[in-house]
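Below: coords.cif (mmCIF, C-alpha atoms and all ligand atoms)
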data_entry
loop_
_atom_site.label_atom_id
_atom_site.label_comp_id
_atom_site.auth_asym_id
_atom_site.auth_seq_id
_atom_site.Cartn_x
_atom_site.Cartn_y
_atom_site.Cartn_z
CA MET G 1 -3.29 17.83 9.94
CA VAL G 2 -0.17 15.71 10.33
CA ALA G 3 0.78 16.01 6.66
CA SER G 4 -0.67 17.49 3.49
CA LEU G 5 0.33 17.23 -0.13
CA THR G 6 -1.42 19.68 -2.43
CA GLY G 7 -1.24 19.68 -6.21
CA ILE G 8 2.00 17.74 -6.32
CA VAL G 9 3.54 17.28 -9.75
CA LYS G 10 6.63 15.08 -10.05
CA ARG G 11 8.41 14.07 -13.22
CA TYR G 12 11.31 11.73 -13.78
CA GLY G 13 12.70 13.00 -17.06
CA LYS G 14 9.69 13.18 -19.34
CA LYS G 15 7.67 10.71 -17.31
CA LEU G 16 4.88 12.26 -15.25
CA VAL G 17 4.74 10.22 -12.04
CA LEU G 18 2.64 12.40 -9.72
CA ASP G 19 -0.11 14.24 -11.53
CA TYR G 20 -1.49 17.03 -9.32
CA THR G 21 -1.75 14.64 -6.40
CA ASP G 22 -3.51 15.71 -3.21
CA LEU G 23 -3.28 13.82 0.05
CA ASP G 24 -4.13 14.72 3.63
CA ILE G 25 -2.98 12.58 6.53
CA ARG G 26 -5.04 13.32 9.61
CA GLN G 27 -4.01 13.07 13.22
CA GLY G 28 -4.54 9.60 14.66
CA GLU G 29 -5.53 7.71 11.54
CA ILE G 30 -4.16 4.63 9.81
CA LEU G 31 -4.41 5.65 6.19
CA GLY G 32 -4.12 2.76 3.75
CA LEU G 33 -2.49 3.70 0.45
CA LEU G 34 -3.36 1.28 -2.34
CA GLY G 35 -2.16 1.37 -5.91
CA PRO G 36 -0.85 -0.97 -8.59
CA ASN G 37 2.86 -1.28 -9.39
CA GLY G 38 4.19 1.97 -10.72
CA ALA G 39 1.23 4.02 -9.48
CA GLY G 40 3.57 6.45 -7.74
CA LYS G 41 3.23 5.33 -4.11
CA THR G 42 6.94 5.24 -3.30
CA THR G 43 7.51 8.48 -5.18
CA LEU G 44 4.73 10.10 -3.17
CA ILE G 45 6.41 8.95 0.03
CA LYS G 46 9.78 10.25 -1.15
CA CYS G 47 8.26 13.65 -1.90
CA LEU G 48 6.43 13.70 1.42
CA THR G 49 9.63 13.03 3.34
CA GLY G 50 11.78 15.44 1.35
CA MET G 51 13.89 12.70 -0.26
CA GLU G 52 12.84 13.96 -3.69
CA ASN G 53 12.11 17.49 -4.86
CA VAL G 54 8.72 18.17 -6.39
CA ASP G 55 8.24 20.05 -9.64
CA GLN G 56 5.11 21.77 -8.42
CA GLY G 57 2.78 21.87 -5.43
CA THR G 58 3.09 22.31 -1.69
CA ILE G 59 3.91 20.02 1.19
CA GLU G 60 3.00 20.64 4.78
CA LEU G 61 4.33 18.63 7.70
CA PHE G 62 2.97 19.12 11.21
CA ASP G 63 1.26 22.35 10.11
CA ASP G 64 4.56 23.73 8.87
CA GLN G 65 4.30 24.81 5.25
CA LYS G 66 7.17 27.24 5.23
CA ASN G 67 9.87 24.82 6.21
CA PRO G 68 8.31 21.33 6.14
CA PHE G 69 11.62 19.46 5.98
CA HIS G 70 13.19 21.20 8.93
CA THR G 71 15.03 18.73 11.15
CA ARG G 72 12.48 19.23 13.93
CA ASN G 73 9.79 17.92 11.56
CA LYS G 74 11.84 15.11 10.05
CA GLU G 75 12.64 13.84 13.53
CA ARG G 76 8.95 13.26 14.09
CA ILE G 77 8.70 10.91 11.12
CA GLY G 78 9.55 7.22 10.96
CA LEU G 79 10.02 5.65 7.55
CA VAL G 80 9.92 1.94 6.78
CA THR G 81 11.26 1.81 3.25
CA GLN G 82 10.18 -0.68 0.62
CA GLU G 83 13.71 -2.02 0.44
CA ILE G 84 14.94 -3.41 3.73
CA SER G 85 17.70 -1.18 5.04
CA VAL G 86 19.53 -2.78 7.93
CA PHE G 87 23.17 -3.73 8.39
CA VAL G 88 23.41 -7.49 8.05
CA GLU G 89 26.79 -7.69 9.79
CA LEU G 90 25.37 -6.08 12.93
CA THR G 91 23.13 -7.73 15.51
CA ALA G 92 19.47 -6.77 15.83
CA LYS G 93 20.22 -4.68 18.89
CA GLU G 94 23.21 -2.96 17.30
CA ASN G 95 21.11 -2.04 14.30
CA ILE G 96 18.38 -0.44 16.39
CA ASN G 97 20.96 1.25 18.57
CA PHE G 98 22.61 2.71 15.49
CA PHE G 99 19.35 4.28 14.32
CA ALA G 100 18.60 5.50 17.85
CA GLY G 101 21.91 7.37 17.66
CA ILE G 102 21.01 8.95 14.33
CA TYR G 103 17.84 10.27 15.91
CA GLY G 104 19.86 11.77 18.73
CA LEU G 105 18.76 9.48 21.56
CA LYS G 106 21.31 9.21 24.37
CA GLY G 107 22.13 7.40 27.61
CA GLU G 108 19.49 5.52 29.59
CA LYS G 109 16.68 6.71 27.39
CA ARG G 110 18.42 5.30 24.33
CA LYS G 111 18.92 1.92 26.02
CA GLN G 112 15.33 1.79 27.09
CA ARG G 113 13.95 2.76 23.69
CA VAL G 114 16.12 0.14 21.95
CA GLN G 115 14.82 -2.51 24.33
CA GLU G 116 11.22 -1.43 23.79
CA ALA G 117 11.60 -1.42 20.01
CA LEU G 118 13.01 -4.97 20.14
CA GLU G 119 10.11 -6.12 22.25
CA PHE G 120 7.61 -4.35 20.10
CA VAL G 121 8.51 -6.36 17.01
CA GLY G 122 9.08 -9.58 18.96
CA LEU G 123 12.85 -9.81 18.48
CA THR G 124 14.01 -9.59 22.11
CA GLU G 125 15.16 -13.21 22.07
CA HIS G 126 17.18 -12.56 18.94
CA ALA G 127 18.68 -9.27 20.07
CA LYS G 128 22.24 -10.55 19.99
CA GLU G 129 22.02 -12.39 16.69
CA ARG G 130 23.42 -10.94 13.51
CA ALA G 131 20.83 -9.81 10.98
CA ALA G 132 22.60 -11.93 8.34
CA LYS G 133 21.00 -14.98 10.00
CA PHE G 134 17.46 -13.59 9.93
CA SER G 135 14.55 -14.77 7.80
CA GLY G 136 12.76 -12.29 5.54
CA GLY G 137 10.06 -11.75 8.15
CA MET G 138 12.57 -11.12 10.92
CA LEU G 139 14.45 -8.63 8.75
CA ARG G 140 11.21 -6.78 8.08
CA ARG G 141 10.48 -6.65 11.78
CA LEU G 142 13.98 -5.39 12.49
CA ASN G 143 13.56 -2.77 9.78
CA ILE G 144 10.39 -1.59 11.52
CA ALA G 145 12.05 -1.54 14.94
CA CYS G 146 14.78 0.74 13.53
CA SER G 147 12.21 3.22 12.26
CA ILE G 148 10.10 3.43 15.44
CA VAL G 149 12.89 3.61 18.03
CA HIS G 150 12.55 7.43 18.25
CA GLU G 151 8.75 7.23 18.78
CA PRO G 152 7.72 9.09 15.64
CA LYS G 153 4.44 10.99 15.47
CA LEU G 154 3.99 9.89 11.86
CA LEU G 155 5.04 6.43 10.71
CA ILE G 156 5.20 5.81 6.97
CA MET G 157 5.34 2.18 5.89
CA ASP G 158 6.01 1.27 2.26
CA GLU G 159 4.79 -2.30 1.69
CA PRO G 160 6.18 -3.65 4.96
CA THR G 161 4.77 -7.16 4.59
CA VAL G 162 5.86 -8.18 1.11
CA GLY G 163 7.31 -11.67 0.96
CA ILE G 164 7.07 -12.64 4.62
CA ASP G 165 5.57 -15.52 6.55
CA PRO G 166 2.00 -15.20 7.94
CA GLN G 167 3.23 -15.16 11.53
CA SER G 168 5.52 -12.19 10.99
CA ARG G 169 2.79 -10.51 9.03
CA ASN G 170 0.29 -10.81 11.87
CA HIS G 171 2.93 -9.60 14.25
CA ILE G 172 3.51 -6.50 12.14
CA LEU G 173 -0.20 -5.75 11.76
CA GLU G 174 -0.74 -6.08 15.50
CA ALA G 175 2.26 -3.83 16.17
CA VAL G 176 0.91 -1.21 13.77
CA LYS G 177 -2.46 -1.24 15.52
CA LYS G 178 -0.81 -0.95 18.92
CA LEU G 179 1.38 1.95 17.81
CA ASN G 180 -1.69 3.69 16.45
CA GLN G 181 -3.54 3.21 19.72
CA ARG G 182 -0.63 4.90 21.46
CA GLY G 183 -1.10 7.94 19.25
CA THR G 184 1.08 7.37 16.17
CA THR G 185 -0.47 8.41 12.87
CA ILE G 186 0.28 5.87 10.13
CA LEU G 187 0.47 5.88 6.35
CA TYR G 188 0.41 2.25 5.28
CA THR G 189 1.15 1.21 1.70
CA THR G 190 0.24 -2.27 0.58
CA HIS G 191 -1.06 -4.47 -2.21
CA TYR G 192 -2.99 -6.62 0.21
CA MET G 193 -6.64 -5.80 0.55
CA GLU G 194 -7.00 -7.93 3.69
CA GLU G 195 -4.42 -5.78 5.46
CA VAL G 196 -6.23 -2.59 4.62
CA GLU G 197 -9.50 -4.13 5.78
CA ALA G 198 -7.86 -5.25 9.01
CA ILE G 199 -6.15 -2.04 10.05
CA ALA G 200 -6.92 1.04 7.96
CA SER G 201 -9.35 3.69 9.17
CA GLU G 202 -9.49 5.07 5.62
CA VAL G 203 -8.20 4.05 2.23
CA VAL G 204 -6.79 6.09 -0.63
CA ILE G 205 -6.51 4.49 -4.04
CA ILE G 206 -3.97 5.96 -6.42
CA ASP G 207 -3.28 5.13 -10.03
CA GLN G 208 -0.94 6.85 -12.49
CA GLY G 209 -0.07 9.45 -9.91
CA GLN G 210 -3.66 10.53 -9.30
CA VAL G 211 -5.90 9.96 -6.31
CA MET G 212 -8.86 7.96 -7.60
CA THR G 213 -10.87 7.79 -4.41
CA ARG G 214 -10.75 8.00 -0.64
CA GLY G 215 -13.02 6.73 2.10
CA THR G 216 -13.55 4.00 4.66
CA VAL G 217 -13.56 0.46 3.27
CA GLN G 218 -17.32 0.34 3.89
CA GLU G 219 -17.93 3.58 2.02
CA LEU G 220 -15.92 2.53 -1.00
CA VAL G 221 -17.59 -0.85 -1.20
CA ARG G 222 -21.02 0.71 -0.71
CA ASN G 223 -20.40 2.87 -3.78
CA ILE G 224 -20.30 -0.22 -5.92
CA GLN G 225 -22.93 -2.24 -4.05
CA HIS G 226 -25.19 -2.18 -7.05
CA GLU G 227 -22.57 -4.12 -8.94
CA GLU G 228 -21.74 -7.79 -8.98
CA LYS G 229 -18.66 -9.79 -9.80
CA ILE G 230 -19.04 -12.76 -12.11
CA LYS G 231 -16.12 -15.16 -12.16
CA ILE G 232 -16.07 -17.65 -15.02
CA GLU G 233 -13.40 -20.31 -15.21
CA VAL G 234 -12.81 -21.29 -18.83
CA SER G 235 -10.84 -23.86 -20.77
CA HIS G 236 -9.41 -21.51 -23.42
CA PRO G 237 -9.05 -17.99 -22.02
CA GLU G 238 -7.00 -16.84 -25.00
CA MET G 239 -9.92 -17.52 -27.35
CA ILE G 240 -12.33 -15.14 -25.66
CA SER G 241 -13.03 -11.64 -26.90
CA LEU G 242 -12.87 -9.45 -23.82
CA ASP G 243 -13.68 -6.43 -25.97
CA GLN G 244 -16.96 -7.93 -27.04
CA ILE G 245 -17.99 -8.57 -23.44
CA GLU G 246 -16.90 -5.12 -22.38
CA LYS G 247 -19.11 -3.55 -25.04
CA LEU G 248 -22.25 -5.02 -23.48
CA VAL G 249 -24.51 -2.51 -21.77
CA ASP G 250 -24.16 -2.68 -17.96
CA VAL G 251 -20.76 -4.35 -18.10
CA LYS G 252 -18.22 -2.13 -16.38
CA GLN G 253 -15.02 -4.10 -16.37
CA VAL G 254 -13.66 -7.30 -17.84
CA THR G 255 -10.38 -8.79 -16.65
CA LYS G 256 -8.57 -12.01 -17.39
CA ILE G 257 -6.75 -13.60 -14.47
CA GLY G 258 -5.17 -16.90 -15.46
CA ASN G 259 -8.01 -19.17 -16.54
CA GLU G 260 -10.64 -16.91 -15.08
CA ILE G 261 -12.66 -14.18 -16.73
CA VAL G 262 -13.83 -11.66 -14.14
CA VAL G 263 -16.70 -9.41 -15.14
CA ILE G 264 -17.98 -6.51 -13.04
CA ALA G 265 -21.48 -5.57 -14.08
CA ILE G 266 -24.63 -3.90 -12.79
CA ALA G 267 -26.40 -6.48 -10.65
CA GLY G 268 -29.44 -8.30 -11.97
CA SER G 269 -29.51 -6.69 -15.39
CA GLY G 270 -29.85 -9.90 -17.36
CA HIS G 271 -26.44 -9.75 -19.04
CA LEU G 272 -25.33 -13.17 -17.88
CA ASP G 273 -26.82 -14.97 -20.90
CA ARG G 274 -25.05 -12.66 -23.31
CA ILE G 275 -21.73 -12.93 -21.50
CA LEU G 276 -21.91 -16.71 -21.47
CA SER G 277 -22.75 -16.95 -25.15
CA ILE G 278 -19.78 -14.75 -26.09
CA ILE G 279 -17.53 -16.98 -24.00
CA LYS G 280 -18.97 -20.19 -25.45
CA GLU G 281 -18.08 -19.05 -28.95
CA GLY G 282 -14.41 -19.49 -28.12
CA SER G 283 -14.10 -21.73 -25.11
CA GLY G 284 -15.64 -24.24 -22.77
CA ILE G 285 -16.86 -23.13 -19.35
CA ILE G 286 -15.51 -25.00 -16.35
CA SER G 287 -17.19 -23.18 -13.49
CA MET G 288 -18.90 -19.96 -12.64
CA ASN G 289 -19.89 -17.95 -9.61
CA VAL G 290 -21.40 -14.58 -8.84
CA GLU G 291 -20.20 -12.58 -5.84
CA LYS G 292 -20.91 -9.31 -4.13
CA PRO G 293 -18.08 -6.85 -4.74
CA ASP G 294 -15.35 -6.17 -2.19
CA LEU G 295 -12.49 -3.69 -1.91
CA GLU G 296 -10.57 -5.55 -4.57
CA ASP G 297 -13.38 -4.75 -7.00
CA VAL G 298 -13.40 -1.07 -6.06
CA PHE G 299 -9.80 -1.11 -7.12
CA LEU G 300 -10.49 -3.11 -10.26
CA THR G 301 -13.34 -0.83 -11.28
CA LEU G 302 -11.21 2.27 -10.84
CA THR G 303 -7.90 1.14 -12.26
CA GLY G 304 -8.64 -1.82 -14.53
CA ARG G 305 -6.04 -3.82 -12.65
CA THR G 306 -6.03 -6.24 -9.77
CA LEU G 307 -4.28 -5.38 -6.55
CA ARG G 308 -1.63 -8.00 -7.07
CA ASP G 309 -1.14 -7.14 -10.70
CA GLY G 310 -2.20 -10.62 -11.74
CA GLY G 311 -4.83 -9.31 -14.08
CA GLU G 312 -4.59 -7.85 -17.52
CA LYS G 313 -7.12 -5.89 -19.45
N1 LIG G 401 14.39 7.42 -9.80
C1 LIG G 401 13.55 7.21 -10.82
N2 LIG G 401 13.90 7.52 -12.09
C2 LIG G 401 13.08 7.33 -13.13
N3 LIG G 401 11.83 6.81 -13.01
C3 LIG G 401 11.41 6.48 -11.78
C4 LIG G 401 12.26 6.65 -10.62
N4 LIG G 401 11.56 6.23 -9.54
C5 LIG G 401 10.36 5.81 -10.00
N5 LIG G 401 10.27 5.94 -11.34
C6 LIG G 401 9.08 5.62 -12.15
O1 LIG G 401 7.96 6.27 -11.60
C7 LIG G 401 6.81 5.46 -11.63
C8 LIG G 401 6.26 5.32 -10.22
O2 LIG G 401 7.17 4.57 -9.43
P1 LIG G 401 6.95 4.27 -7.89
O3 LIG G 401 8.13 3.52 -7.42
O4 LIG G 401 6.60 5.53 -7.19
O5 LIG G 401 5.65 3.34 -7.95
P2 LIG G 401 4.99 2.45 -6.79
O6 LIG G 401 3.54 2.79 -6.79
O7 LIG G 401 5.73 2.61 -5.53
O8 LIG G 401 5.17 0.97 -7.37
P3 LIG G 401 5.43 -0.43 -6.59
O9 LIG G 401 4.10 -0.92 -6.16
O10 LIG G 401 6.02 -1.28 -7.64
O11 LIG G 401 6.37 -0.16 -5.47
C9 LIG G 401 7.24 4.15 -12.25
O12 LIG G 401 6.88 4.17 -13.60
C10 LIG G 401 8.74 4.14 -12.09
O13 LIG G 401 9.34 3.43 -13.13
MG MG G 402 6.77 1.35 -4.34
#
Represent the structure of the file as structure tokens.
Amino acid sequence: MVASLTGIVKRYGKKLVLDYTDLDIRQGEILGLLGPNGAGKTTLIKCLTGMENVDQGTIELFDDQKNPFHTRNKERIGLVTQEISVFVELTAKENINFFAGIYGLKGEKRKQRVQEALEFVGLTEHAKERAAKFSGGMLRRLNIACSIVHEPKLLIMDEPTVGIDPQSRNHILEAVKKLNQRGTTILYTTHYMEEVEAIASEVVIIDQGQVMTRGTVQELVRNIQHEEKIKIEVSHPEMISLDQIEKLVDVKQVTKIGNEIVVIAIAGSGHLDRILSIIKEGSGIISMNVEKPDLEDVFLTLTGRTLRDGGEK
């Protein structure tokens, strides 16, 4: 096991943020960590890397439970934080070189690793430009380069693709896959289902500091295969009683996303008529479609929220 969290409890003041959380990160995997805003993802990462103390529970890094945060273990971790942490007044190369120094790289090896990290994120041509000039996507890529320059065994990425252009995003996803193929184990936090589907070998969904489920994307979706997703676009969403729909037998989840009412229900159980008549009491119907569930619905079923926090219950 590369890392294990067992029974982790973490409070900030009175607020319980991690609630007996368990998580195993296995050698060679890309583990996708999904959870709505405030679920505790960043806190979990901070506990795992020793940046925050835990109130209860045990942490193991590289099979070391006695002294998990020993320098020799920390040196084997790369962390891409949610907030970009580079020096804008330095060039791309100077930034990476700085981090290489922190990790104790020296001489020729250091030069070579800096060059490789630049290439890896596609910034070689911009090596001598100051980060202050960079776009959001370039900054993200630089941030990643800084955290992989020492060739970590475990790379932890906390929402590395938020707010960037599609090209940089693809670049990052490809780089993550390549790193993984070279033997790096990866914990990848995101709100984007497509990213998890594209790269993760397994997914963990957390909500309110608890692990709700874990499995491959296929396994998680298969668990809800007997369900369907009904999307109904309406003229007056505010006039519709979600409670009334939710009370129907076989209806599992009702969410309002903008002008759309999204209902997750047992497939083919004849509830459509009843749902539509409840809606028609308050609003007109503009369009409707019924879909097979996907990972987004696994998440919705478990947490009552959408991945991008657009929905409300
Ligand atoms: N230093 C802190 N002091 C007090 N409360 C905190 C602190 N850090 C986090 N919290 C609270 O803990 C909860 C979990 O926060 P955390 O940042 O771990 O969530 P997250 O899953 O990473 O969310 P996001 O998707 O928005 O990044 C939130 O309610 C947050 O307000
Ligand atoms: Mg976070």
Let me have all residues with an atom within 9 Å of ligand MG 402 (chain G), counting all atoms listed in the file, laid out as number ranges by chain. G: 37-43, 45, 81-82, 158-159, 189-190
Quick one, how far is atom CA of Ser135 of chain G from atom CA of Leu90 of chain G?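 Atom CA of Leu90 of chain G lies 14.8 Å from atom CA of Ser135 of chain G.
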Surrounding residues of segment 294-308 of chain G excluding itself and chain neighbours under 3 positions, 8 Å, all atoms listed in the file, as a PyMOL selection string: chain G and resi 34-36+191-193+205+207+212+217+220-221+224+229+252-253+255+264+311-313
Name all residues at most 12 Å from Gln167 of chain G (count all atoms listed in the file; drop same-chain ones fewer than 4 positions away) and give them as a ChimeraX atom specification. /G:121-122,135-138,141,161,163,171-174
Interatomic distance, atom CA of Phe69 of chain G to atom CA of Arg113 of chain G (Å, one decimal): 24.5 Å
I need the residue nearest Ser4 of chain G from this list: G:Leu18, G:Val162, G:Val88, G:Leu23. Use only C-alpha atoms for the distance.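 Comparing G:Leu18, G:Val162, G:Val88, G:Leu23 against Ser4 of chain G, the winner is G:Leu23.
Checking G:Gln27, G:Ser235, G:Gln210, G:Asn180 one by one against ligand LIG 401 (chain G), counting all atoms listed in the file, you find the shortest gap at G:Gln210.
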Kindly indicate which residue among G:Arg182, G:Glu89, G:Met157, G:Gly78 lies nearest to ligand LIG 401 (chain G), using all atoms listed in the file for the distances. G:Met157
